[in-house]
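So this block is target_36.txt, compact mmCIF, C-alpha atoms:
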```txt
# COMPACT_ATOMS: atom_id res chain seq x y z
CA MET A 1 0.00 0.00 0.00
CA THR A 2 2.97 2.31 0.49
CA TYR A 3 3.43 2.23 -3.28
CA LEU A 4 -0.06 1.40 -4.49
CA LEU A 5 -1.83 4.39 -2.92
CA PRO A 6 0.35 7.08 -4.56
CA ILE A 7 0.37 5.13 -7.84
CA SER A 8 -3.44 4.98 -7.82
CA LEU A 9 -3.57 8.77 -7.49
CA LEU A 10 -0.94 9.28 -10.19
CA THR A 11 -3.02 7.24 -12.67
CA LEU A 12 -5.65 9.98 -12.47
CA PHE A 13 -3.26 12.26 -14.38
CA THR A 14 -3.55 10.07 -17.45
CA ALA A 15 -6.45 10.08 -19.88
CA LEU A 16 -6.08 6.38 -20.74
CA LYS A 17 -9.43 4.59 -20.67
CA ILE A 18 -11.28 1.75 -22.38
CA GLY A 19 -15.01 1.82 -23.07
CA THR A 20 -16.75 -1.51 -22.52
CA GLY A 21 -20.30 -0.45 -23.36
CA ILE A 22 -21.43 -0.50 -19.75
CA VAL A 23 -18.56 1.18 -17.94
CA VAL A 24 -15.32 2.96 -18.79
CA LEU A 25 -12.23 1.23 -17.41
CA ARG A 26 -9.18 3.26 -16.35
CA PRO A 27 -5.73 2.38 -14.96
CA PHE A 28 -7.04 3.64 -11.63
CA ASP A 29 -9.57 0.79 -11.54
CA ALA A 30 -6.85 -1.84 -11.97
CA VAL A 31 -4.71 -0.32 -9.20
CA VAL A 32 -7.69 -0.24 -6.83
CA VAL A 33 -8.23 -3.96 -7.46
CA LEU A 34 -4.56 -4.55 -6.61
CA MET A 35 -5.00 -2.49 -3.46
CA ALA A 36 -7.96 -4.62 -2.42
CA LEU A 37 -5.98 -7.82 -3.04
CA ALA A 38 -3.05 -6.46 -1.03
CA VAL A 39 -5.32 -5.69 1.90
CA ALA A 40 -7.05 -9.07 1.61
CA VAL A 41 -3.79 -11.00 2.03
CA THR A 42 -2.48 -8.80 4.84
CA PRO A 43 -3.12 -9.99 8.42
CA LEU A 44 -5.50 -7.66 10.26
CA SER A 45 -4.23 -8.48 13.74
CA GLY A 46 -3.54 -5.40 15.81
CA LEU A 47 -5.25 -3.17 13.25
CA ARG A 48 -7.31 -0.27 14.58
CA PRO A 49 -9.33 1.02 11.62
CA ARG A 50 -11.02 4.41 11.82
CA PRO A 51 -14.31 3.93 9.92
CA PHE A 52 -15.66 7.46 10.45
CA GLY A 53 -14.59 8.61 6.96
CA LEU A 54 -16.31 5.66 5.31
CA PHE A 55 -19.50 6.28 7.28
CA VAL A 56 -19.54 9.89 6.10
CA LEU A 57 -19.00 8.91 2.46
CA LEU A 58 -21.61 6.16 2.22
CA PRO A 59 -24.80 8.29 2.55
CA PHE A 60 -23.77 10.40 -0.44
CA PHE A 61 -22.66 7.36 -2.43
CA VAL A 62 -26.01 5.64 -1.83
CA TRP A 63 -27.98 8.76 -2.78
CA HIS A 64 -25.84 9.15 -5.93
CA VAL A 65 -26.79 5.64 -7.08
CA LEU A 66 -30.48 5.97 -6.17
CA SER A 67 -30.58 9.22 -8.13
CA ALA A 68 -29.01 7.49 -11.13
CA LEU A 69 -31.69 4.79 -11.06
CA THR A 70 -34.38 7.43 -11.68
CA LEU A 71 -33.01 7.78 -15.22
CA GLY A 72 -33.00 4.08 -16.01
CA ALA A 73 -31.63 0.74 -14.90
CA GLY A 74 -28.57 0.94 -17.16
CA ASN A 75 -27.59 4.31 -15.78
CA GLY A 76 -28.12 3.07 -12.23
CA ILE A 77 -26.06 -0.10 -12.75
CA ARG A 78 -23.19 1.87 -14.28
CA GLU A 79 -23.06 4.27 -11.35
CA ALA A 80 -23.48 1.43 -8.84
CA LEU A 81 -20.39 -0.28 -10.30
CA GLN A 82 -18.40 2.94 -10.05
CA ILE A 83 -19.53 3.55 -6.46
CA THR A 84 -18.67 -0.04 -5.55
CA LEU A 85 -15.15 0.57 -6.83
CA MET A 86 -14.86 3.84 -4.91
CA THR A 87 -16.19 2.22 -1.73
CA GLY A 88 -13.51 -0.44 -2.11
CA PHE A 89 -10.92 2.33 -2.58
CA ALA A 90 -12.14 4.02 0.61
CA ALA A 91 -12.13 0.74 2.54
CA THR A 92 -8.54 -0.10 1.53
CA ILE A 93 -7.38 3.32 2.69
CA MET A 94 -9.24 2.92 5.98
CA LEU A 95 -7.56 -0.46 6.60
CA SER A 96 -4.09 0.73 5.55
CA VAL A 97 -3.70 4.14 7.19
CA GLU A 98 -1.35 2.88 9.91
CA ARG A 99 0.60 0.53 7.64
CA ILE A 100 1.82 3.01 5.03
CA ASP A 101 5.39 4.32 5.12
CA TYR A 102 4.53 7.94 4.37
CA ARG A 103 8.12 9.01 3.71
CA ILE A 104 8.40 6.50 0.85
CA ALA A 105 4.84 7.13 -0.36
CA GLY A 106 5.56 10.87 -0.48
CA ARG A 107 8.70 10.33 -2.53
CA VAL A 108 6.80 8.15 -5.00
CA MET A 109 4.08 10.78 -5.31
CA ILE A 110 6.51 13.66 -5.85
CA ALA A 111 8.57 11.67 -8.37
CA GLY A 112 5.37 10.83 -10.24
CA LEU A 113 4.20 14.45 -10.27
CA ALA A 114 7.61 15.54 -11.57
CA PHE A 115 7.35 12.97 -14.38
CA VAL A 116 3.83 14.13 -15.31
CA LEU A 117 5.00 17.76 -15.29
CA ALA A 118 7.99 16.99 -17.52
CA TYR A 119 5.88 14.92 -19.93
CA ASN A 120 3.22 17.63 -20.13
CA ILE A 121 5.72 20.41 -20.87
CA ILE A 122 7.75 18.35 -23.36
CA TRP A 123 4.61 17.30 -25.23
CA HIS A 124 3.39 20.87 -25.56
CA VAL A 125 6.75 22.33 -26.55
CA SER A 126 7.28 19.57 -29.14
CA HIS A 127 3.87 20.41 -30.61
CA GLY A 128 4.65 24.10 -30.88
CA TYR A 129 3.09 25.38 -27.65
CA GLY A 130 5.75 27.51 -25.98
CA VAL A 131 3.19 28.56 -23.39
CA GLY A 132 -0.36 27.52 -22.51
CA TRP A 133 0.36 23.93 -21.50
CA LYS A 134 -3.31 22.97 -21.07
CA HIS A 135 -4.16 20.92 -24.13
CA LEU A 136 -3.80 17.58 -22.31
CA ASN A 137 -6.85 17.47 -20.08
CA ASN A 138 -5.80 15.14 -17.25
CA PRO A 139 -2.07 15.97 -17.06
CA LYS A 140 -2.76 19.70 -16.71
CA ALA A 141 -4.09 19.04 -13.19
CA VAL A 142 -0.46 18.61 -12.12
CA PHE A 143 -0.05 22.39 -12.05
CA GLY A 144 -2.61 22.62 -9.26
CA TYR A 145 -1.33 19.71 -7.19
CA LEU A 146 2.37 20.59 -7.35
CA PRO A 147 1.89 23.55 -4.96
CA MET A 148 0.21 21.14 -2.55
CA ALA A 149 3.08 18.63 -2.71
CA LEU A 150 5.86 21.22 -2.55
CA GLY A 151 3.95 23.05 0.17
CA CYS A 152 4.06 19.96 2.39
CA LEU A 153 7.83 19.77 1.93
CA LEU A 154 8.26 23.46 2.63
CA LEU A 155 6.07 23.37 5.71
CA PHE A 156 8.22 20.73 7.39
CA ALA A 157 11.58 21.53 5.81
CA ALA A 158 14.75 21.25 7.84
CA PRO A 159 16.72 24.53 8.20
CA ALA A 160 19.35 23.41 5.67
CA GLN A 161 16.68 22.63 3.05
CA ARG A 162 14.34 25.54 3.57
CA ARG A 163 16.14 27.97 1.24
CA LEU A 164 16.17 25.36 -1.54
CA TYR A 165 12.43 24.78 -1.21
CA TRP A 166 11.73 28.51 -1.34
CA LEU A 167 13.76 28.70 -4.58
CA LEU A 168 11.75 25.80 -5.97
CA TRP A 169 8.57 27.58 -4.84
CA ALA A 170 9.60 30.71 -6.79
CA GLY A 171 10.43 28.60 -9.84
CA LEU A 172 7.04 26.93 -9.62
CA LEU A 173 5.40 30.34 -10.07
CA VAL A 174 7.17 30.79 -13.42
CA ILE A 175 5.98 27.36 -14.57
CA ILE A 176 2.38 28.04 -13.51
CA VAL A 177 2.29 31.45 -15.21
CA LEU A 178 3.63 29.96 -18.45
CA SER A 179 1.10 27.13 -18.20
CA THR A 180 -1.72 29.75 -17.99
CA GLU A 181 -3.58 27.34 -15.69
CA ARG A 182 -5.73 29.77 -13.76
CA LYS A 183 -6.82 27.42 -10.98
CA ALA A 184 -3.18 26.59 -10.25
CA LEU A 185 -2.35 30.29 -10.05
CA ILE A 186 -5.11 30.86 -7.50
CA ILE A 187 -3.94 27.84 -5.47
CA TYR A 188 -0.36 29.12 -5.55
CA LEU A 189 -1.42 32.61 -4.47
CA ILE A 190 -3.52 31.31 -1.55
CA LEU A 191 -0.77 29.01 -0.28
CA THR A 192 1.91 31.68 -0.61
CA ALA A 193 -0.24 34.07 1.40
CA MET A 194 -0.83 31.44 4.07
CA PHE A 195 2.86 30.62 4.35
CA LEU A 196 3.85 34.25 4.72
CA ALA A 197 0.99 34.95 7.17
CA ARG A 198 1.62 31.69 9.08
CA GLY A 199 -1.93 30.52 8.53
CA ARG A 200 -3.66 33.66 9.84
CA VAL A 201 -6.45 34.45 7.39
CA LEU A 202 -6.73 38.19 8.13
CA ALA A 203 -2.98 38.65 7.90
CA ALA A 204 -3.01 36.78 4.56
CA LEU A 205 -5.45 39.18 2.89
CA PRO A 206 -2.86 41.94 2.23
CA VAL A 207 -0.53 39.31 0.76
CA VAL A 208 -3.31 38.16 -1.58
CA GLY A 209 -3.88 41.79 -2.55
CA LEU A 210 -0.19 42.23 -3.38
CA GLY A 211 -0.30 39.03 -5.41
CA VAL A 212 -3.25 40.26 -7.45
CA MET A 213 -1.48 43.58 -8.05
CA GLY A 214 1.63 41.69 -9.18
CA LEU A 215 -0.48 39.65 -11.59
CA VAL A 216 -1.97 42.84 -13.03
CA VAL A 217 1.56 44.21 -13.56
CA ILE A 218 2.62 41.01 -15.34
CA ILE A 219 -0.44 41.13 -17.59
CA ASN A 220 0.24 44.75 -18.53
CA LEU A 221 3.98 44.26 -19.07
CA PHE A 222 3.41 41.29 -21.35
CA ALA A 223 0.10 42.41 -22.86
CA ALA A 224 1.27 41.48 -26.36
CA GLN A 225 2.15 37.93 -25.38
CA ASP A 226 -0.24 35.02 -25.88
CA PHE A 227 0.15 33.64 -22.37
CA THR A 228 -1.42 36.74 -20.78
CA ARG A 229 -4.70 36.22 -22.68
CA GLN A 230 -5.79 33.38 -20.41
CA LEU A 231 -4.60 35.25 -17.32
CA ARG A 232 -6.72 38.27 -18.28
CA THR A 233 -9.85 36.13 -18.19
CA LEU A 234 -9.40 35.84 -14.41
CA PHE A 235 -10.50 39.46 -14.13
CA ASN A 236 -13.27 39.44 -16.75
CA PRO A 237 -14.68 35.89 -16.84
CA ILE A 238 -18.08 36.96 -18.19
CA GLU A 239 -16.78 39.25 -20.92
CA ALA A 240 -14.20 36.65 -21.98
CA GLY A 241 -16.98 34.23 -22.82
CA ALA A 242 -19.80 34.68 -25.26
CA SER A 243 -23.48 33.97 -24.70
CA ALA A 244 -24.97 30.77 -26.06
CA ALA A 245 -26.96 32.85 -28.55
CA LEU A 246 -23.80 34.46 -29.94
CA VAL A 247 -22.00 31.11 -30.08
CA ALA A 248 -24.96 29.63 -31.97
CA ARG A 249 -24.53 32.41 -34.56
CA GLY A 250 -20.88 31.49 -35.05
CA VAL A 251 -19.14 33.87 -32.65
CA THR A 252 -15.99 32.38 -31.13
CA PRO A 253 -15.49 33.56 -27.53
CA GLU A 254 -12.11 34.75 -26.25
CA SER A 255 -12.19 31.95 -23.69
CA LEU A 256 -13.98 28.73 -24.69
CA SER A 257 -13.74 27.56 -21.08
CA ASN A 258 -15.42 30.67 -19.67
CA ALA A 259 -18.16 30.51 -22.29
CA GLN A 260 -18.90 26.88 -21.46
CA ARG A 261 -18.86 27.51 -17.72
CA THR A 262 -21.23 30.46 -18.03
CA PHE A 263 -23.55 28.42 -20.24
CA SER A 264 -23.51 25.37 -17.94
CA PHE A 265 -24.18 27.54 -14.89
CA ASN A 266 -27.25 29.12 -16.49
CA VAL A 267 -28.63 25.83 -17.79
CA ALA A 268 -27.91 23.98 -14.53
CA ASN A 269 -29.67 26.74 -12.62
CA SER A 270 -32.79 26.27 -14.74
CA TYR A 271 -32.67 22.49 -14.25
CA PHE A 272 -32.20 22.92 -10.50
CA ARG A 273 -35.36 25.02 -10.27
CA GLU A 274 -37.31 22.16 -11.86
CA SER A 275 -36.46 19.75 -9.03
CA PRO A 276 -34.55 21.48 -6.23
CA VAL A 277 -34.98 18.82 -3.54
CA ILE A 278 -33.97 15.57 -5.26
CA GLY A 279 -32.49 16.88 -8.53
CA ILE A 280 -32.94 15.72 -12.12
CA GLY A 281 -30.97 12.49 -11.61
CA THR A 282 -27.30 11.53 -11.78
CA ASN A 283 -25.97 12.15 -15.33
CA GLY A 284 -29.19 13.95 -16.18
CA TYR A 285 -27.52 17.24 -17.06
CA PHE A 286 -25.28 15.86 -19.81
CA GLU A 287 -28.03 13.79 -21.38
CA ARG A 288 -30.51 16.65 -21.47
CA VAL A 289 -28.01 19.22 -22.78
CA GLN A 290 -26.99 16.95 -25.66
CA LYS A 291 -30.61 16.80 -26.83
CA GLN A 292 -31.85 20.25 -25.95
CA TYR A 293 -28.83 22.17 -27.29
CA SER A 294 -27.67 19.93 -30.11
CA TYR A 295 -27.21 23.02 -32.34
CA LEU A 296 -24.35 24.34 -30.16
CA PRO A 297 -20.69 23.37 -30.67
CA ALA A 298 -19.46 20.31 -28.76
CA TYR A 299 -17.30 22.39 -26.40
CA MET A 300 -20.43 24.11 -25.09
CA ARG A 301 -22.22 20.80 -24.41
CA LEU A 302 -19.70 19.36 -21.98
CA GLY A 303 -20.58 18.34 -18.44
CA ILE A 304 -20.68 20.70 -15.47
CA HIS A 305 -17.10 21.49 -14.41
CA ASN A 306 -18.11 22.10 -10.83
CA GLU A 307 -19.02 19.21 -8.55
CA PHE A 308 -21.00 21.40 -6.15
CA LEU A 309 -23.17 22.69 -8.98
CA ARG A 310 -23.44 19.25 -10.56
CA VAL A 311 -24.52 17.63 -7.30
CA ALA A 312 -27.07 20.37 -6.64
CA THR A 313 -28.48 20.02 -10.17
CA GLU A 314 -28.52 16.24 -10.45
CA ASN A 315 -28.88 15.16 -6.81
CA GLY A 316 -30.75 18.15 -5.41
CA ILE A 317 -30.46 19.82 -2.04
CA VAL A 318 -30.43 16.40 -0.37
CA GLY A 319 -27.35 15.35 -2.33
CA LEU A 320 -25.64 18.71 -1.83
CA VAL A 321 -26.09 18.55 1.94
CA LEU A 322 -24.63 15.02 2.05
CA TYR A 323 -21.76 16.11 -0.21
CA ALA A 324 -20.96 19.25 1.78
CA ALA A 325 -21.07 17.28 5.04
CA ILE A 326 -18.14 15.16 3.80
CA LEU A 327 -15.92 18.21 3.30
CA ILE A 328 -17.02 19.95 6.49
CA PHE A 329 -16.46 16.92 8.70
CA SER A 330 -13.07 16.30 7.13
CA TRP A 331 -11.97 19.91 7.73
CA VAL A 332 -13.16 19.83 11.35
CA ARG A 333 -11.51 16.46 12.03
CA LEU A 334 -8.23 17.61 10.49
CA ARG A 335 -8.18 20.74 12.66
CA ARG A 336 -8.79 18.61 15.76
CA CYS A 337 -6.02 16.18 14.81
CA LEU A 338 -3.56 19.02 14.24
CA ARG A 339 -4.57 20.67 17.51
CA HIS A 340 -3.84 17.43 19.34
CA LEU A 341 -0.49 16.97 17.60
CA ARG A 342 0.49 20.50 18.55
CA SER A 343 -0.52 19.92 22.18
CA VAL A 344 1.90 16.98 22.45
CA GLY A 345 4.73 18.81 20.70
CA ARG A 346 4.58 17.07 17.32
CA ILE A 347 3.92 20.24 15.29
CA THR A 348 4.02 23.97 15.90
CA LYS A 349 1.37 26.64 15.86
CA ALA A 350 2.32 27.83 12.38
CA GLN A 351 2.24 24.29 11.02
CA GLU A 352 -1.13 23.66 12.67
CA TYR A 353 -2.64 26.74 11.03
CA VAL A 354 -1.05 26.43 7.59
CA MET A 355 -1.42 22.70 6.99
CA PRO A 356 -5.23 22.63 6.45
CA PHE A 357 -4.84 25.14 3.62
CA VAL A 358 -1.95 23.19 2.07
CA LEU A 359 -3.98 19.98 2.11
CA PHE A 360 -7.42 21.31 1.17
CA THR A 361 -6.93 24.21 -1.27
CA ALA A 362 -5.95 22.18 -4.34
CA PRO A 363 -8.62 19.44 -3.90
CA PHE A 364 -11.31 22.06 -3.22
CA MET A 365 -10.37 24.07 -6.32
CA TYR A 366 -10.30 20.88 -8.37
CA LEU A 367 -13.77 19.86 -7.20
CA ALA A 368 -15.12 23.37 -7.66
CA PHE A 369 -13.78 24.03 -11.15
CA ASP A 370 -12.48 20.97 -12.95
CA ALA A 371 -13.62 17.63 -11.53
CA SER A 372 -15.89 14.98 -13.00
CA GLY A 373 -16.40 11.23 -12.88
CA THR A 374 -13.87 8.90 -11.30
CA PRO A 375 -11.23 11.60 -10.59
CA SER A 376 -13.74 13.66 -8.61
CA PHE A 377 -14.78 10.66 -6.49
CA ALA A 378 -11.14 9.71 -5.89
CA VAL A 379 -10.33 13.25 -4.76
CA LEU A 380 -13.41 13.31 -2.53
CA THR A 381 -12.37 10.00 -0.95
CA ILE A 382 -8.83 11.21 -0.26
CA VAL A 383 -10.19 14.42 1.28
CA THR A 384 -12.47 12.34 3.50
CA PHE A 385 -9.53 10.37 4.89
CA MET A 386 -7.14 13.34 4.93
CA PRO A 387 -7.33 13.69 8.75
CA ASP A 388 -6.42 10.02 9.25
CA LEU A 389 -3.63 10.10 6.66
CA ALA A 390 -2.15 13.35 7.99
CA PHE A 391 -2.32 12.16 11.60
CA ALA A 392 -0.59 8.87 10.80
CA ALA A 393 2.05 10.57 8.64
CA LEU A 394 2.91 13.15 11.29
CA ARG A 395 3.15 10.46 13.97
CA GLN A 396 5.76 8.67 11.84
CA ARG A 397 7.73 11.84 11.24
CA PRO A 398 10.87 12.37 13.39
CA VAL A 399 10.38 15.53 15.45
CA LYS A 400 13.11 18.04 16.24
CA MET A 401 11.42 20.61 18.41
CA ALA A 402 11.00 21.39 22.04
CA VAL A 403 8.21 19.50 23.77
CA PRO A 404 5.77 21.62 25.79
CA SER A 405 6.14 21.27 29.52
CA GLY A 406 4.21 18.27 30.80
CA ALA A 407 3.64 16.73 27.36
CA ARG A 408 4.29 13.00 27.12
CA GLN A 409 5.75 12.03 23.77
CA GLU A 410 7.97 9.06 23.03
CA GLY A 411 10.90 9.41 20.68
CA VAL A 412 10.93 13.22 20.62
CA ARG A 413 14.33 14.83 20.61
CA ARG A 414 14.54 18.15 22.46
CA VAL A 415 16.49 20.08 19.89
CA GLY A 416 15.39 23.62 18.95
CA ALA A 417 12.34 24.59 16.90
CA GLU A 418 11.25 23.62 13.43
CA PRO A 419 11.42 26.14 10.57
CA LEU A 420 8.14 27.92 10.00
CA ALA A 421 7.52 27.20 13.64
CA ALA A 422 8.64 30.28 15.47
CA GLU A 423 5.77 31.59 17.51
```

Any chance you could give the structure as structure tokens?
Amino acid sequence: MTYLLPISLLTLFTALKIGTGIVVLRPFDAVVVLMALAVAVTPLSGLRPRPFGLFVLLPFFVWHVLSALTLGAGNGIREALQITLMTGFAATIMLSVERIDYRIAGRVMIAGLAFVLAYNIIWHVSHGYGVGWKHLNNPKAVFGYLPMALGCLLLFAAPAQRRLYWLLWAGLLVIIVLSTERKALIIYLILTAMFLARGRVLAALPVVGLGVMGLVVIINLFAAQDFTRQLRTLFNPIEAGASAALVARGVTPESLSNAQRTFSFNVANSYFRESPVIGIGTNGYFERVQKQYSYLPAYMRLGIHNEFLRVATENGIVGLVLYAAILIFSWVRLRRCLRHLRSVGRITKAQEYVMPFVLFTAPFMYLAFDASGTPSFAVLTIVTFMPDLAFAALRQRPVKMAVPSGARQEGVRRVGAEPLAAE
């Protein structure tokens, strides 16, 4: 599981899939089966599973399948198979939390992300895209998750490594700007503000303001360059897109993505009003849009790139409440775990305050702006178990900080304070 868990997540950065008529098979599915087999042959003696995350996930999973059945048996069976797979994924994580070597797993994950980044950039440059590295749908998500991975390293860096990680952090900004991946830029800005403000939200606001001003300066200095076109759409998302009526008449919007998002928001809103409590059924949006707006270009008739909006539209208020409860409970549990770890001297105040933003910002942005299908459920599952994974990982980590008076902690060396830990 030390290797299989990070590999399962890395497979989500590939678009490889095989249609079987009933379901679409991905490399992720095969790795999850291997994970289940690994857990099945591992002795469970002495294991203390924490099932809370699974209990929080299941109500939404069940409602998702029941909603799919309202649109037909085939649709319901397909979603039931997917949810069965995701439940198995969640169960293997629950049973393996304390058996993973997180130092090795982290190295595998970072090496994999570096490979995806290199492949993505090389592919684009070799195809004539000097900037705007977003034409590969799944691999482009790496730009949003790299700040999360590097942020974890920076947050717990040893003094001798801290300067190197800050240099890498600055270099990551250049890569993200050249990629023109707007979600990644927002993630990077939020995390930078939280690092500099040591997790204090009010203190981070001026840093965010300075970041926005810096972005405006970059856009104006390089106004003639292609890569600033996508960045400009951050400030005028509505104007950058065109209305469905204009697109139907042949007008090409400045930002195809913004046009599609505006269109899907308006259509989803109208569908939601039809059935606000239980929704129009899982997968109902895509099916109805294909028929009702068949005269529009294919890029306008994509699914909803926002899981919160999709759940509200297809699964109603009931589904949205169950979905939101997963994220809320996970955030609250993580804060409690970090508070406990700080009380026993495992982490510092700055680490306690910054870590929730490092771990949650990228997944939240992905779910809010770019997720769909299996990747969205995998991200949701990881977020659900984030408190358990973080707690276990930090318990394995060697600590080099002073232990508060009266705290009982085995294996802690009383050597100075951690970087980013001065209080």

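Between CA of Val116 (chain A) and CA of Ser8 (chain A) there is a distance of 13.9 Å.
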
Handout entry: For CA of Pro375 (chain A) and CA of Thr11 (chain A), the interatomic separation in Å (one decimal)
Key = 9.5 Å

Exercise for the section: One decimal, Å: what's the distance from CA of Pro276 (chain A) over to CA of Gly316 (chain A), could you say? Expected result: 5.1 Å

Exercise for the section: Compare A:Ala170, A:Leu66, A:Ala197, A:Met148 by their minimum atom-to-atom distance to Tyr353 (chain A), counting all atoms listed in the file, and give me the closest one. Expected result: A:Ala197

Problem - Contacts of Phe13 (chain A) at 9 Å (all atoms listed in the file; same-chain gap of 5+ positions) as a PyMOL selection string - result: chain A and resi 113+116+137-142+375

Exercise for the section: Compile the contact shell of Leu380 (chain A) as a VMD selection string: residues with an atom at most 9 Å away, counting all atoms listed in the file, same-chain residues fewer than 4 positions apart removed. Expected result: chain A and resid 57 326 to 327 363 367 375 to 376 384 to 385

Report the closest atom pair, with its distance in Å rounded to one decimal, for each residue of region 261-370 of chain A that has an atom no farther than 12 Å from region 149-159 of chain A; count all atoms listed in the file, sort by chain and then rising residue number, and write it as CSV.
```
residue,atom,partner,partner_atom,distance
A:Arg346,CA,A:Phe156,CA,11.2
A:Ile347,CA,A:Phe156,CA,9.0
A:Thr348,CA,A:Phe156,CA,10.0
A:Lys349,CA,A:Leu155,CA,11.7
A:Ala350,CA,A:Leu155,CA,8.9
A:Gln351,CA,A:Leu155,CA,6.6
A:Glu352,CA,A:Leu155,CA,10.0
A:Tyr353,CA,A:Leu155,CA,10.7
A:Val354,CA,A:Leu155,CA,8.0
A:Met355,CA,A:Leu155,CA,7.6
A:Pro356,CA,A:Cys152,CA,10.5
A:Phe357,CA,A:Gly151,CA,9.7
A:Val358,CA,A:Gly151,CA,6.2
A:Leu359,CA,A:Cys152,CA,8.0
A:Phe360,CA,A:Ala149,CA,11.5
A:Thr361,CA,A:Gly151,CA,11.0
A:Ala362,CA,A:Ala149,CA,9.8
A:Pro363,CA,A:Ala149,CA,11.8
```

Would you mind listing what lies within 8 Å of Phe391 (chain A) as a short mmCIF file (atom, residue, chain, number, x, y, z; two decimals) with C-alpha atoms, in the frame of the given file, with all atoms listed in the file counted and same-chain residues fewer than 3 positions away left out?
```
data_model
loop_
_atom_site.label_atom_id
_atom_site.label_comp_id
_atom_site.auth_asym_id
_atom_site.auth_seq_id
_atom_site.Cartn_x
_atom_site.Cartn_y
_atom_site.Cartn_z
CA CYS A 337 -6.02 16.18 14.81
CA LEU A 338 -3.56 19.02 14.24
CA LEU A 341 -0.49 16.97 17.60
CA PRO A 387 -7.33 13.69 8.75
CA ASP A 388 -6.42 10.02 9.25
CA LEU A 394 2.91 13.15 11.29
CA ARG A 395 3.15 10.46 13.97
#
```

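Minimum distance to Ala325 (chain A) across A:Val383, A:Ala204, A:Ala91, A:Met365 (counting only C-alpha atoms) occurs at A:Val383.
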
Handout entry: Nearby residues (all atoms listed in the file) at most 10 Å from Phe89 (chain A), same-chain spacing under 5 positions excluded, as a PyMOL selection string
Key = chain A and resi 5+8+28-29+31-33+35-36+83-84+94+377-378+381-382
